[in-house]
file query01.cif (mmCIF, C-alpha atoms)
data_my_file
#
loop_
_atom_site.group_PDB
_atom_site.id
_atom_site.type_symbol
_atom_site.label_atom_id
_atom_site.label_comp_id
_atom_site.auth_asym_id
_atom_site.auth_seq_id
_atom_site.Cartn_x
_atom_site.Cartn_y
_atom_site.Cartn_z
ATOM 1 C CA MET A 1 -15.416 -4.394 7.501
ATOM 2 C CA ASN A 2 -17.906 -3.091 10.033
ATOM 3 C CA LYS A 3 -17.254 0.434 8.741
ATOM 4 C CA ILE A 4 -19.121 -0.432 5.522
ATOM 5 C CA THR A 5 -22.567 0.863 6.360
ATOM 6 C CA ARG A 6 -25.899 0.058 4.728
ATOM 7 C CA PRO A 7 -26.118 3.442 2.916
ATOM 8 C CA PHE A 8 -22.587 2.895 1.598
ATOM 9 C CA ILE A 9 -23.517 -0.553 0.250
ATOM 10 C CA LEU A 10 -26.787 0.529 -1.350
ATOM 11 C CA SER A 11 -25.279 3.657 -2.903
ATOM 12 C CA PHE A 12 -22.391 1.734 -4.456
ATOM 13 C CA PHE A 13 -24.719 -1.022 -5.630
ATOM 14 C CA PHE A 14 -27.018 1.257 -7.591
ATOM 15 C CA LEU A 15 -24.255 3.482 -8.930
ATOM 16 C CA SER A 16 -22.182 0.560 -10.138
ATOM 17 C CA LEU A 17 -25.183 -0.929 -11.939
ATOM 18 C CA LEU A 18 -25.845 2.438 -13.553
ATOM 19 C CA PHE A 19 -22.324 3.087 -14.841
ATOM 20 C CA VAL A 20 -21.142 -0.371 -15.876
ATOM 21 C CA LYS A 21 -23.402 -0.583 -18.914
ATOM 22 C CA THR A 22 -23.562 3.057 -19.999
ATOM 23 C CA LEU A 23 -20.035 3.947 -21.066
ATOM 24 C CA SER A 24 -18.041 2.689 -24.028
ATOM 25 C CA ALA A 25 -14.295 2.254 -23.823
ATOM 26 C CA GLN A 26 -11.964 5.104 -24.749
ATOM 27 C CA TYR A 27 -9.231 2.578 -25.597
ATOM 28 C CA THR A 28 -8.951 -0.897 -27.109
ATOM 29 C CA ILE A 29 -10.015 -3.735 -24.811
ATOM 30 C CA PRO A 30 -8.124 -7.037 -25.296
ATOM 31 C CA PRO A 31 -10.492 -10.045 -25.178
ATOM 32 C CA LYS A 32 -9.170 -11.328 -21.848
ATOM 33 C CA MET A 33 -9.780 -7.894 -20.301
ATOM 34 C CA LYS A 34 -13.469 -7.560 -21.208
ATOM 35 C CA TRP A 35 -14.814 -8.853 -17.878
ATOM 36 C CA TRP A 36 -12.362 -6.603 -16.061
ATOM 37 C CA PHE A 37 -13.376 -3.522 -18.058
ATOM 38 C CA ASP A 38 -17.050 -4.223 -17.326
ATOM 39 C CA ALA A 39 -16.407 -4.772 -13.606
ATOM 40 C CA ARG A 40 -15.626 -1.142 -12.658
ATOM 41 C CA LEU A 41 -15.636 -1.770 -8.902
ATOM 42 C CA GLY A 42 -13.564 -4.213 -6.851
ATOM 43 C CA MET A 43 -12.553 -5.017 -3.287
ATOM 44 C CA PHE A 44 -8.926 -5.080 -2.142
ATOM 45 C CA ILE A 45 -8.175 -6.983 1.083
ATOM 46 C CA HIS A 46 -4.943 -6.498 3.037
ATOM 47 C CA PHE A 47 -4.823 -9.369 5.505
ATOM 48 C CA GLY A 48 -1.768 -11.030 7.010
ATOM 49 C CA SER A 49 0.017 -11.586 10.294
ATOM 50 C CA TYR A 50 0.527 -7.798 10.573
ATOM 51 C CA SER A 51 -3.262 -7.577 11.036
ATOM 52 C CA GLU A 52 -2.820 -9.100 14.493
ATOM 53 C CA PHE A 53 -0.623 -6.240 15.764
ATOM 54 C CA GLY A 54 -2.782 -3.493 14.306
ATOM 55 C CA HIS A 55 -0.107 -1.052 13.145
ATOM 56 C CA GLY A 56 -0.534 -1.576 9.411
ATOM 57 C CA GLU A 57 1.188 -3.865 6.931
ATOM 58 C CA TRP A 58 4.509 -1.920 6.945
ATOM 59 C CA VAL A 59 5.111 -2.311 10.676
ATOM 60 C CA LEU A 60 8.265 -4.448 10.289
ATOM 61 C CA LEU A 61 10.060 -1.727 8.323
ATOM 62 C CA ASN A 62 8.461 1.352 9.890
ATOM 63 C CA GLU A 63 9.092 0.286 13.482
ATOM 64 C CA LYS A 64 12.401 -1.465 12.718
ATOM 65 C CA TRP A 65 11.496 -4.916 14.018
ATOM 66 C CA THR A 66 14.052 -7.709 13.692
ATOM 67 C CA LYS A 67 12.869 -10.838 11.897
ATOM 68 C CA GLU A 68 13.050 -12.751 15.174
ATOM 69 C CA ASP A 69 10.978 -10.280 17.184
ATOM 70 C CA TYR A 70 8.467 -9.767 14.380
ATOM 71 C CA GLN A 71 7.822 -13.475 14.021
ATOM 72 C CA THR A 72 7.789 -14.377 17.712
ATOM 73 C CA LYS A 73 5.887 -11.322 18.977
ATOM 74 C CA ILE A 74 3.511 -10.630 16.064
ATOM 75 C CA THR A 75 3.192 -13.499 13.577
ATOM 76 C CA SER A 76 3.108 -16.216 16.231
ATOM 77 C CA HIS A 77 -0.067 -14.655 17.727
ATOM 78 C CA PHE A 78 -1.958 -14.503 14.417
ATOM 79 C CA LYS A 79 -4.973 -16.823 14.565
ATOM 80 C CA PRO A 80 -7.684 -15.773 12.099
ATOM 81 C CA ASP A 81 -10.430 -18.099 13.374
ATOM 82 C CA ASN A 82 -13.120 -15.483 12.714
ATOM 83 C CA PHE A 83 -12.322 -15.096 9.006
ATOM 84 C CA ASN A 84 -15.706 -15.293 7.290
ATOM 85 C CA ALA A 85 -15.518 -15.591 3.516
ATOM 86 C CA GLN A 86 -19.294 -15.614 3.108
ATOM 87 C CA GLN A 87 -19.623 -12.320 4.963
ATOM 88 C CA ILE A 88 -16.789 -10.643 3.054
ATOM 89 C CA VAL A 89 -17.980 -11.725 -0.391
ATOM 90 C CA GLY A 90 -21.560 -10.870 0.554
ATOM 91 C CA LEU A 91 -20.533 -7.319 1.473
ATOM 92 C CA ALA A 92 -18.599 -6.951 -1.775
ATOM 93 C CA LYS A 93 -21.478 -8.237 -3.867
ATOM 94 C CA ALA A 94 -24.017 -6.026 -2.085
ATOM 95 C CA ALA A 95 -21.804 -3.011 -2.839
ATOM 96 C CA GLY A 96 -21.801 -3.861 -6.548
ATOM 97 C CA MET A 97 -18.200 -5.098 -6.563
ATOM 98 C CA LYS A 98 -17.329 -7.665 -9.211
ATOM 99 C CA TYR A 99 -13.929 -8.953 -8.077
ATOM 100 C CA ILE A 100 -11.860 -9.394 -4.915
ATOM 101 C CA VAL A 101 -8.071 -9.294 -4.568
ATOM 102 C CA ILE A 102 -6.570 -10.581 -1.300
ATOM 103 C CA THR A 103 -2.936 -10.515 -0.196
ATOM 104 C CA ALA A 104 -1.477 -14.003 -0.641
ATOM 105 C CA LYS A 105 1.941 -12.745 0.471
ATOM 106 C CA HIS A 106 2.768 -9.177 1.486
ATOM 107 C CA HIS A 107 6.219 -7.682 2.096
ATOM 108 C CA GLU A 108 6.431 -9.430 5.496
ATOM 109 C CA GLY A 109 6.933 -12.690 3.569
ATOM 110 C CA PHE A 110 4.232 -14.639 5.394
ATOM 111 C CA ALA A 111 2.308 -16.955 3.056
ATOM 112 C CA MET A 112 -1.458 -17.045 3.565
ATOM 113 C CA TRP A 113 -1.670 -20.577 2.156
ATOM 114 C CA ARG A 114 0.013 -23.942 2.779
ATOM 115 C CA ASN A 115 3.211 -23.104 0.930
ATOM 116 C CA SER A 116 5.445 -25.952 -0.218
ATOM 117 C CA VAL A 117 8.412 -23.980 -1.619
ATOM 118 C CA ASP A 118 11.298 -24.784 0.687
ATOM 119 C CA GLY A 119 13.152 -21.454 0.666
ATOM 120 C CA PHE A 120 10.395 -19.496 2.405
ATOM 121 C CA ARG A 121 11.185 -20.286 6.047
ATOM 122 C CA ASP A 122 11.142 -18.571 9.424
ATOM 123 C CA TYR A 123 14.148 -16.705 10.821
ATOM 124 C CA LYS A 124 15.566 -19.949 12.279
ATOM 125 C CA SER A 125 15.043 -21.725 8.950
ATOM 126 C CA GLU A 126 13.144 -24.426 10.852
ATOM 127 C CA LYS A 127 9.565 -24.041 9.597
ATOM 128 C CA LEU A 128 8.001 -22.943 6.344
ATOM 129 C CA PHE A 129 6.722 -19.434 6.995
ATOM 130 C CA ASP A 130 3.000 -19.816 6.365
ATOM 131 C CA LEU A 131 -0.323 -20.304 8.117
ATOM 132 C CA TYR A 132 -0.137 -24.093 8.151
ATOM 133 C CA HIS A 133 3.509 -24.895 8.906
ATOM 134 C CA TYR A 134 4.473 -21.950 11.108
ATOM 135 C CA LEU A 135 1.215 -21.529 13.003
ATOM 136 C CA GLY A 136 -0.445 -24.923 12.641
ATOM 137 C CA PHE A 137 -3.573 -23.244 11.236
ATOM 138 C CA GLN A 138 -5.555 -25.910 9.402
ATOM 139 C CA ARG A 139 -8.009 -23.906 7.310
ATOM 140 C CA ASP A 140 -7.270 -22.736 3.755
ATOM 141 C CA LEU A 141 -8.536 -19.150 3.878
ATOM 142 C CA LEU A 142 -7.719 -18.413 0.243
ATOM 143 C CA LYS A 143 -9.669 -21.472 -0.894
ATOM 144 C CA GLU A 144 -12.601 -20.488 1.318
ATOM 145 C CA LEU A 145 -12.656 -17.032 -0.251
ATOM 146 C CA LYS A 146 -12.266 -18.390 -3.773
ATOM 147 C CA ASP A 147 -15.089 -20.898 -3.301
ATOM 148 C CA GLU A 148 -17.350 -18.175 -1.957
ATOM 149 C CA CYS A 149 -16.460 -15.870 -4.874
ATOM 150 C CA ASP A 150 -17.343 -18.672 -7.284
ATOM 151 C CA LYS A 151 -20.605 -19.285 -5.435
ATOM 152 C CA GLN A 152 -21.663 -15.628 -5.422
ATOM 153 C CA GLY A 153 -20.402 -14.818 -8.923
ATOM 154 C CA LEU A 154 -17.347 -12.642 -8.210
ATOM 155 C CA LYS A 155 -13.874 -13.023 -9.692
ATOM 156 C CA PHE A 156 -11.208 -14.197 -7.255
ATOM 157 C CA CYS A 157 -7.761 -12.598 -7.518
ATOM 158 C CA LEU A 158 -4.473 -12.582 -5.590
ATOM 159 C CA TYR A 159 -1.848 -10.042 -4.524
ATOM 160 C CA TYR A 160 1.823 -11.071 -4.380
ATOM 161 C CA SER A 161 4.805 -9.019 -3.194
ATOM 162 C CA ILE A 162 7.994 -9.263 -5.251
ATOM 163 C CA LEU A 163 10.188 -8.130 -2.358
ATOM 164 C CA ASP A 164 10.222 -10.253 0.818
ATOM 165 C CA TRP A 165 11.564 -8.825 4.088
ATOM 166 C CA ASN A 166 11.620 -12.273 5.684
ATOM 167 C CA HIS A 167 13.370 -14.375 3.029
ATOM 168 C CA SER A 168 16.938 -15.373 3.863
ATOM 169 C CA SER A 169 18.180 -13.648 0.689
ATOM 170 C CA GLN A 170 17.188 -10.166 1.872
ATOM 171 C CA THR A 171 16.379 -7.821 4.741
ATOM 172 C CA ALA A 172 14.210 -4.739 5.091
ATOM 173 C CA GLY A 173 16.107 -1.798 3.654
ATOM 174 C CA ASN A 174 15.481 1.838 2.822
ATOM 175 C CA TYR A 175 11.863 1.508 1.616
ATOM 176 C CA PHE A 176 12.741 -1.658 -0.326
ATOM 177 C CA SER A 177 14.886 -4.635 0.643
ATOM 178 C CA GLN A 178 18.616 -5.259 0.666
ATOM 179 C CA MET A 179 19.662 -8.358 -1.257
ATOM 180 C CA SER A 180 22.595 -10.263 0.271
ATOM 181 C CA SER A 181 24.250 -11.192 -3.048
ATOM 182 C CA GLU A 182 23.588 -11.597 -6.755
ATOM 183 C CA ASP A 183 23.569 -15.377 -6.369
ATOM 184 C CA ALA A 184 21.007 -15.032 -3.560
ATOM 185 C CA LYS A 185 18.843 -12.947 -5.872
ATOM 186 C CA GLN A 186 18.913 -15.584 -8.588
ATOM 187 C CA GLN A 187 17.911 -18.296 -6.124
ATOM 188 C CA TYR A 188 15.166 -16.098 -4.684
ATOM 189 C CA VAL A 189 13.666 -15.403 -8.121
ATOM 190 C CA ILE A 190 13.564 -19.148 -8.835
ATOM 191 C CA GLN A 191 11.787 -19.746 -5.526
ATOM 192 C CA MET A 192 9.441 -16.786 -6.045
ATOM 193 C CA LYS A 193 8.362 -18.150 -9.414
ATOM 194 C CA ALA A 194 7.778 -21.539 -7.804
ATOM 195 C CA GLN A 195 5.466 -19.883 -5.272
ATOM 196 C CA ILE A 196 3.630 -18.023 -8.009
ATOM 197 C CA LYS A 197 3.218 -21.253 -9.968
ATOM 198 C CA GLU A 198 1.860 -22.879 -6.816
ATOM 199 C CA ILE A 199 -0.802 -20.251 -6.120
ATOM 200 C CA ILE A 200 -1.876 -20.263 -9.769
ATOM 201 C CA SER A 201 -2.211 -24.050 -9.653
ATOM 202 C CA LEU A 202 -4.074 -24.021 -6.334
ATOM 203 C CA TYR A 203 -6.393 -21.039 -6.776
ATOM 204 C CA HIS A 204 -6.529 -20.082 -10.485
ATOM 205 C CA PRO A 205 -6.742 -16.318 -9.835
ATOM 206 C CA ALA A 206 -8.333 -14.119 -12.480
ATOM 207 C CA VAL A 207 -5.844 -11.331 -11.632
ATOM 208 C CA LEU A 208 -2.336 -11.425 -10.180
ATOM 209 C CA TRP A 209 -1.756 -8.068 -8.514
ATOM 210 C CA PHE A 210 1.976 -7.596 -7.996
ATOM 211 C CA ASP A 211 3.625 -5.068 -5.693
ATOM 212 C CA GLY A 212 7.036 -4.435 -4.133
ATOM 213 C CA ASP A 213 8.611 -3.471 -7.464
ATOM 214 C CA TRP A 214 9.551 0.157 -6.897
ATOM 215 C CA CYS A 215 13.355 0.203 -6.777
ATOM 216 C CA LYS A 216 15.021 2.296 -9.485
ATOM 217 C CA ASN A 217 14.107 1.557 -13.078
ATOM 218 C CA LEU A 218 17.630 0.517 -14.035
ATOM 219 C CA ASP A 219 18.767 -1.785 -16.805
ATOM 220 C CA THR A 220 21.393 -3.043 -14.395
ATOM 221 C CA THR A 221 20.875 -3.932 -10.739
ATOM 222 C CA SER A 222 22.580 -3.478 -7.395
ATOM 223 C CA LEU A 223 21.971 -5.237 -4.086
ATOM 224 C CA SER A 224 19.742 -2.366 -2.946
ATOM 225 C CA ASP A 225 17.988 -1.974 -6.343
ATOM 226 C CA TRP A 226 17.850 -5.564 -7.456
ATOM 227 C CA TRP A 227 14.641 -5.737 -9.541
ATOM 228 C CA ASN A 228 14.789 -4.285 -13.057
ATOM 229 C CA LYS A 229 12.750 -4.166 -16.273
ATOM 230 C CA ALA A 230 14.251 -7.352 -17.690
ATOM 231 C CA ASP A 231 13.294 -9.202 -14.500
ATOM 232 C CA ALA A 232 9.752 -7.858 -14.795
ATOM 233 C CA VAL A 233 9.343 -8.891 -18.431
ATOM 234 C CA LYS A 234 10.523 -12.399 -17.580
ATOM 235 C CA LEU A 235 8.068 -12.567 -14.679
ATOM 236 C CA TYR A 236 5.131 -11.469 -16.845
ATOM 237 C CA ASP A 237 6.093 -13.959 -19.568
ATOM 238 C CA PHE A 238 6.363 -16.680 -16.917
ATOM 239 C CA VAL A 239 2.831 -15.996 -15.684
ATOM 240 C CA MET A 240 1.509 -16.000 -19.253
ATOM 241 C CA SER A 241 3.200 -19.359 -19.891
ATOM 242 C CA LEU A 242 1.209 -20.796 -16.991
ATOM 243 C CA ASP A 243 -2.116 -19.167 -17.847
ATOM 244 C CA PRO A 244 -2.412 -16.575 -20.642
ATOM 245 C CA ASN A 245 -5.863 -15.534 -19.388
ATOM 246 C CA ILE A 246 -4.551 -14.162 -16.098
ATOM 247 C CA ILE A 247 -4.628 -10.367 -15.945
ATOM 248 C CA VAL A 248 -1.466 -8.815 -14.473
ATOM 249 C CA ASN A 249 -1.104 -5.270 -13.171
ATOM 250 C CA GLU A 250 1.700 -2.906 -14.183
ATOM 251 C CA ARG A 251 3.561 -3.455 -10.913
ATOM 252 C CA VAL A 252 5.672 -6.224 -12.271
ATOM 253 C CA LYS A 253 7.648 -2.990 -12.757
ATOM 254 C CA ARG A 254 5.561 0.164 -12.717
ATOM 255 C CA ASP A 255 5.695 3.192 -15.016
ATOM 256 C CA LEU A 256 7.269 1.238 -17.872
ATOM 257 C CA GLY A 257 4.138 0.263 -19.812
ATOM 258 C CA LEU A 258 4.303 -3.338 -18.621
ATOM 259 C CA GLY A 259 1.477 -5.571 -17.465
ATOM 260 C CA ASP A 260 -2.144 -5.339 -18.563
ATOM 261 C CA PHE A 261 -3.386 -2.295 -16.660
ATOM 262 C CA MET A 262 -2.174 0.756 -14.756
ATOM 263 C CA CYS A 263 -2.901 1.230 -11.056
ATOM 264 C CA PRO A 264 -2.475 4.760 -9.673
ATOM 265 C CA GLU A 265 -2.616 4.667 -5.873
ATOM 266 C CA GLN A 266 -4.742 6.997 -3.734
ATOM 267 C CA LYS A 267 -5.226 9.420 -6.649
ATOM 268 C CA ILE A 268 -7.583 9.894 -9.575
ATOM 269 C CA PRO A 269 -6.237 10.909 -13.002
ATOM 270 C CA SER A 270 -7.823 14.055 -14.429
ATOM 271 C CA GLN A 271 -8.742 12.197 -17.626
ATOM 272 C CA ALA A 272 -8.845 8.697 -19.071
ATOM 273 C CA LEU A 273 -5.413 7.082 -19.267
ATOM 274 C CA ALA A 274 -3.953 5.526 -22.397
ATOM 275 C CA ARG A 275 -5.001 2.003 -21.447
ATOM 276 C CA GLN A 276 -6.967 0.102 -18.815
ATOM 277 C CA TRP A 277 -6.483 1.487 -15.292
ATOM 278 C CA GLU A 278 -7.783 1.386 -11.751
ATOM 279 C CA THR A 279 -7.404 3.628 -8.731
ATOM 280 C CA CYS A 280 -6.607 1.631 -5.601
ATOM 281 C CA GLN A 281 -7.907 3.456 -2.554
ATOM 282 C CA THR A 282 -8.187 2.950 1.191
ATOM 283 C CA LEU A 283 -11.348 3.602 3.204
ATOM 284 C CA ASN A 284 -9.238 5.339 5.866
ATOM 285 C CA ASN A 285 -5.482 6.036 5.522
ATOM 286 C CA SER A 286 -4.293 2.453 6.066
ATOM 287 C CA TRP A 287 -4.121 -0.688 3.952
ATOM 288 C CA GLY A 288 -3.586 -3.314 6.663
ATOM 289 C CA TYR A 289 -5.572 -3.029 9.894
ATOM 290 C CA ASP A 290 -4.334 -0.104 12.014
ATOM 291 C CA LEU A 291 -6.142 0.360 15.314
ATOM 292 C CA ARG A 292 -4.812 3.938 15.522
ATOM 293 C CA ASP A 293 -6.489 5.038 12.268
ATOM 294 C CA SER A 294 -10.136 6.086 12.542
ATOM 295 C CA SER A 295 -10.040 8.622 9.704
ATOM 296 C CA TYR A 296 -12.599 6.936 7.463
ATOM 297 C CA LYS A 297 -13.581 8.799 4.319
ATOM 298 C CA PRO A 298 -17.164 10.128 4.084
ATOM 299 C CA VAL A 299 -19.540 8.063 1.958
ATOM 300 C CA LYS A 300 -20.249 11.125 -0.194
ATOM 301 C CA ARG A 301 -16.562 11.401 -1.111
ATOM 302 C CA LEU A 302 -16.368 7.715 -2.064
ATOM 303 C CA ILE A 303 -19.418 8.011 -4.311
ATOM 304 C CA GLU A 304 -18.061 11.139 -5.995
ATOM 305 C CA GLU A 305 -14.751 9.383 -6.615
ATOM 306 C CA LEU A 306 -16.542 6.381 -8.101
ATOM 307 C CA VAL A 307 -18.337 8.693 -10.531
ATOM 308 C CA GLN A 308 -15.098 10.430 -11.538
ATOM 309 C CA ILE A 309 -13.195 7.179 -12.033
ATOM 310 C CA VAL A 310 -15.834 5.291 -13.988
ATOM 311 C CA SER A 311 -16.530 8.304 -16.217
ATOM 312 C CA ARG A 312 -12.821 8.184 -17.163
ATOM 313 C CA ASP A 313 -12.963 4.463 -17.987
ATOM 314 C CA GLY A 314 -11.210 3.407 -14.811
ATOM 315 C CA HIS A 315 -11.949 1.082 -11.928
ATOM 316 C CA TYR A 316 -12.480 1.921 -8.293
ATOM 317 C CA PHE A 317 -10.536 -0.616 -6.235
ATOM 318 C CA LEU A 318 -11.448 -0.112 -2.566
ATOM 319 C CA ASN A 319 -9.504 -1.677 0.265
ATOM 320 C CA ILE A 320 -10.542 -3.171 3.591
ATOM 321 C CA GLY A 321 -8.098 -4.199 6.312
ATOM 322 C CA PRO A 322 -9.754 -6.773 8.611
ATOM 323 C CA LYS A 323 -8.527 -7.280 12.175
ATOM 324 C CA GLY A 324 -6.286 -10.250 12.867
#

call {"tool": "encode", "arguments": {"input": "query01.cif", "output": "C-alpha cells"}}
result
Amino acid sequence: MNKITRPFILSFFFLSLLFVKTLSAQYTIPPKMKWWFDARLGMFIHFGSYSEFGHGEWVLLNEKWTKEDYQTKITSHFKPDNFNAQQIVGLAKAAGMKYIVITAKHHEGFAMWRNSVDGFRDYKSEKLFDLYHYLGFQRDLLKELKDECDKQGLKFCLYYSILDWNHSSQTAGNYFSQMSSEDAKQQYVIQMKAQIKEIISLYHPAVLWFDGDWCKNLDTTSLSDWWNKADAVKLYDFVMSLDPNIIVNERVKRDLGLGDFMCPEQKIPSQALARQWETCQTLNNSWGYDLRDSSYKPVKRLIEELVQIVSRDGHYFLNIGPKG
C-alpha cells in the first residue's frame, strides 16, 4: 500500500473522472452491469495467511509445503491487527477507484471470515480453518472493509477460489489440485456452495470474482481435472438463485463465454472485446505480498495502460498485496 504515491493517486483520480463519462459502450450493457461499466477502475486485494510469510499467495504449491507445516509455520503466525479498512478504502477512492475486491478464500483454503461450514478444517480436522476458529482472531475484516466501502461510496466485492489446497478432499497438484475421489468432489462442491451462500448472506458482495478454475475444459472429469463446464454453469446458476444482481466473472470456467465479464490477466487486448471485460494487473510482479519483489511498475506505464484499457471499453483492476 505504501507504494501508492501521491502523484499516482492524483493522476489516476483525474484520469478516471475524465474517461468514465466520455465513452459510450461498444457492446450491450445488461442493466445489472451498468454501475460496473461506469466504474472503469477498481482495486484488487490479495490478503491471506500467505501474506505473513511474504513469498506470495502460491507459496504452498511453489515451495512444496505440507499442509501441516504450512498451517503451523505460516498460518498460525498470521495476526492482521494493523488491517485498516479506512486507509485502504481512502486510498482507493482517492485514486478514482469505484470498487474493491478482496480475497475471501484463496487457494490455500484459509477463510478470511468466521466460517461455519464444517468441512473446511485444519489438517488435523480439529478446528475450522479461518481467522476466528483457527487463530482466535476476533475482528471481522471483511465486514470492516464492506462497512467502509459503504461509507465512502465504493462497491464491495469478494474473491473466492474454486480449488482448495487445504480441504480434506484434495491436495496441491500440478498447478491445480488432486481430488481424492469422485464422491469427495461431490461433497466438496456441496460444502463450497454452502460457503458461497454464507459469504453472500453475510456481506452481500456486488461482484463474486471466482478463480482456481483452470483445469482442462472437458465435458467429463478426472481426479486431476475435476472441474468442468457443467459444474461451472451450475455454480453460476446457484449464485443467481441467491442474488440475481451479483456480477460474476468468467472464471467460473474461463474461455467458455460463461459469467458476466471477461478478465484477461496481466495483458491488454489490442481492441475492445465482445463483451464486458477487465484487465487484472499487479503493481509489481506479485499478487500476494512478496518481500523479495521490489519491481514496481512506473506510474507512467500504469497511466498509459489505464488510457488503453478504458478507450477499449475495459476496466483497469489493480492489485495490492498488503503485508501480513

call {"tool": "residues_around", "arguments": {"input": "query01.cif", "residues": "Met97 (chain A)", "least_positions_apart": "3", "cutoff": "9 Å", "atoms": "all atoms listed in the file", "output": "VMD selection string"}}
result
chain A and resid 12 to 13 16 39 to 43 91 to 94 100 154 317

call {"tool": "closest_residue", "arguments": {"input": "query01.cif", "among": "A:Thr103, A:Asn228, A:Ser177, A:Ser76", "to": "Asp255 (chain A)", "atoms": "only C-alpha atoms"}}
result
A:Asn228

call {"tool": "residues_around", "arguments": {"input": "query01.cif", "residues": "Gln71 (chain A)", "least_positions_apart": "2", "cutoff": "12 Å", "atoms": "only C-alpha atoms", "output": "MDAnalysis selection string"}}
result
chainID A and resid 49:50 52:53 59:60 65:69 73:78 108:110 121:124 127 129:130 134:135 165:166

call {"tool": "write_last_selection", "arguments": {"input": "query01.cif", "atoms": "C-alpha atoms", "output": "PDB file, in the coordinates of the input"}}
result
ATOM      1  CA  SER A  49       0.017 -11.586  10.294  1.00  0.00           C
ATOM      2  CA  TYR A  50       0.527  -7.798  10.573  1.00  0.00           C
ATOM      3  CA  GLU A  52      -2.820  -9.100  14.493  1.00  0.00           C
ATOM      4  CA  PHE A  53      -0.623  -6.240  15.764  1.00  0.00           C
ATOM      5  CA  VAL A  59       5.111  -2.311  10.676  1.00  0.00           C
ATOM      6  CA  LEU A  60       8.265  -4.448  10.289  1.00  0.00           C
ATOM      7  CA  TRP A  65      11.496  -4.916  14.018  1.00  0.00           C
ATOM      8  CA  THR A  66      14.052  -7.709  13.692  1.00  0.00           C
ATOM      9  CA  LYS A  67      12.869 -10.838  11.897  1.00  0.00           C
ATOM     10  CA  GLU A  68      13.050 -12.751  15.174  1.00  0.00           C
ATOM     11  CA  ASP A  69      10.978 -10.280  17.184  1.00  0.00           C
ATOM     12  CA  LYS A  73       5.887 -11.322  18.977  1.00  0.00           C
ATOM     13  CA  ILE A  74       3.511 -10.630  16.064  1.00  0.00           C
ATOM     14  CA  THR A  75       3.192 -13.499  13.577  1.00  0.00           C
ATOM     15  CA  SER A  76       3.108 -16.216  16.231  1.00  0.00           C
ATOM     16  CA  HIS A  77      -0.067 -14.655  17.727  1.00  0.00           C
ATOM     17  CA  PHE A  78      -1.958 -14.503  14.417  1.00  0.00           C
ATOM     18  CA  GLU A 108       6.431  -9.430   5.496  1.00  0.00           C
ATOM     19  CA  GLY A 109       6.933 -12.690   3.569  1.00  0.00           C
ATOM     20  CA  PHE A 110       4.232 -14.639   5.394  1.00  0.00           C
ATOM     21  CA  ARG A 121      11.185 -20.286   6.047  1.00  0.00           C
ATOM     22  CA  ASP A 122      11.142 -18.571   9.424  1.00  0.00           C
ATOM     23  CA  TYR A 123      14.148 -16.705  10.821  1.00  0.00           C
ATOM     24  CA  LYS A 124      15.566 -19.949  12.279  1.00  0.00           C
ATOM     25  CA  LYS A 127       9.565 -24.041   9.597  1.00  0.00           C
ATOM     26  CA  PHE A 129       6.722 -19.434   6.995  1.00  0.00           C
ATOM     27  CA  ASP A 130       3.000 -19.816   6.365  1.00  0.00           C
ATOM     28  CA  TYR A 134       4.473 -21.950  11.108  1.00  0.00           C
ATOM     29  CA  LEU A 135       1.215 -21.529  13.003  1.00  0.00           C
ATOM     30  CA  TRP A 165      11.564  -8.825   4.088  1.00  0.00           C
ATOM     31  CA  ASN A 166      11.620 -12.273   5.684  1.00  0.00           C
TER      32      ASN A 166
END

call {"tool": "atom_distance", "arguments": {"input": "query01.cif", "atom1": "CA of Tyr203 (chain A)", "atom2": "CA of Ile162 (chain A)"}}
result
18.7 Å

call {"tool": "residues_around", "arguments": {"input": "query01.cif", "residues": "Asp140 (chain A)", "least_positions_apart": "4", "cutoff": "8 Å", "atoms": "all atoms listed in the file", "output": "compact mmCIF listing (two decimals) with C-alpha atoms, keeping the file's coordinate frame"}}
result
# COMPACT_ATOMS: atom_id res chain seq x y z
CA TRP A 113 -1.67 -20.58 2.16
CA ARG A 114 0.01 -23.94 2.78
CA GLU A 144 -12.60 -20.49 1.32

call {"tool": "residues_around", "arguments": {"input": "query01.cif", "residues": "Asp243 (chain A)", "least_positions_apart": "2", "cutoff": "10 Å", "atoms": "all atoms listed in the file", "output": "MDAnalysis selection string"}}
result
chainID A and resid 197 200:201 204:206 237:241 245:247

call {"tool": "closest_atom_pairs", "arguments": {"input": "query01.cif", "of": "region 27-70 of chain A", "to": "region 260-276 of chain A", "cutoff": "8 Å", "atoms": "all atoms listed in the file", "output": "tab-separated table"}}
result
residue	atom	partner	partner_atom	distance
A:Tyr27	CA	A:Arg275	CA	6.0
A:Thr28	CA	A:Arg275	CA	7.5
A:Ile29	CA	A:Gln276	CA	7.7
A:Phe37	CA	A:Gln276	CA	7.4

call {"tool": "atom_distance", "arguments": {"input": "query01.cif", "atom1": "CA of Ala194 (chain A)", "atom2": "CA of Asn217 (chain A)"}}
result
24.5 Å

call {"tool": "closest_residue", "arguments": {"input": "query01.cif", "among": "A:Glu57, A:Asp231, A:Asp81, A:Glu126", "to": "Leu141 (chain A)", "atoms": "all atoms listed in the file"}}
result
A:Asp81

call {"tool": "closest_residue", "arguments": {"input": "query01.cif", "among": "A:Leu256, A:Ile190, A:Val207, A:Leu318", "to": "Pro244 (chain A)", "atoms": "only C-alpha atoms"}}
result
A:Val207

call {"tool": "resolve_selection", "arguments": {"input": "query01.cif", "expression": "the PyMOL selection byres ((chain A and resi 210) around 6)", "output": "number ranges by chain"}}
result
A: 159-161, 209, 211, 251-252

call {"tool": "axis_aligned_box", "arguments": {"input": "query01.cif", "around": "region 161-165 of chain A", "padding_each_side": "3 Å", "output": "AutoDock Vina command-line options"}}
result
--center_x 8.2 --center_y -9.2 --center_z -0.6 --size_x 12.8 --size_y 8.1 --size_z 15.3

call {"tool": "atom_distance", "arguments": {"input": "query01.cif", "atom1": "CA of Cys215 (chain A)", "atom2": "CA of Gly288 (chain A)"}}
result
21.9 Å

call {"tool": "residues_around", "arguments": {"input": "query01.cif", "residues": "Arg301 (chain A)", "least_positions_apart": "2", "cutoff": "12 Å", "atoms": "all atoms listed in the file", "output": "PyMOL selection string"}}
result
chain A and resi 8+11-12+281+283-284+296-299+303-308

call {"tool": "closest_residue", "arguments": {"input": "query01.cif", "among": "A:Lys229, A:Lys79, A:Trp36, A:Phe137", "to": "Leu258 (chain A)", "atoms": "only C-alpha atoms"}}
result
A:Lys229
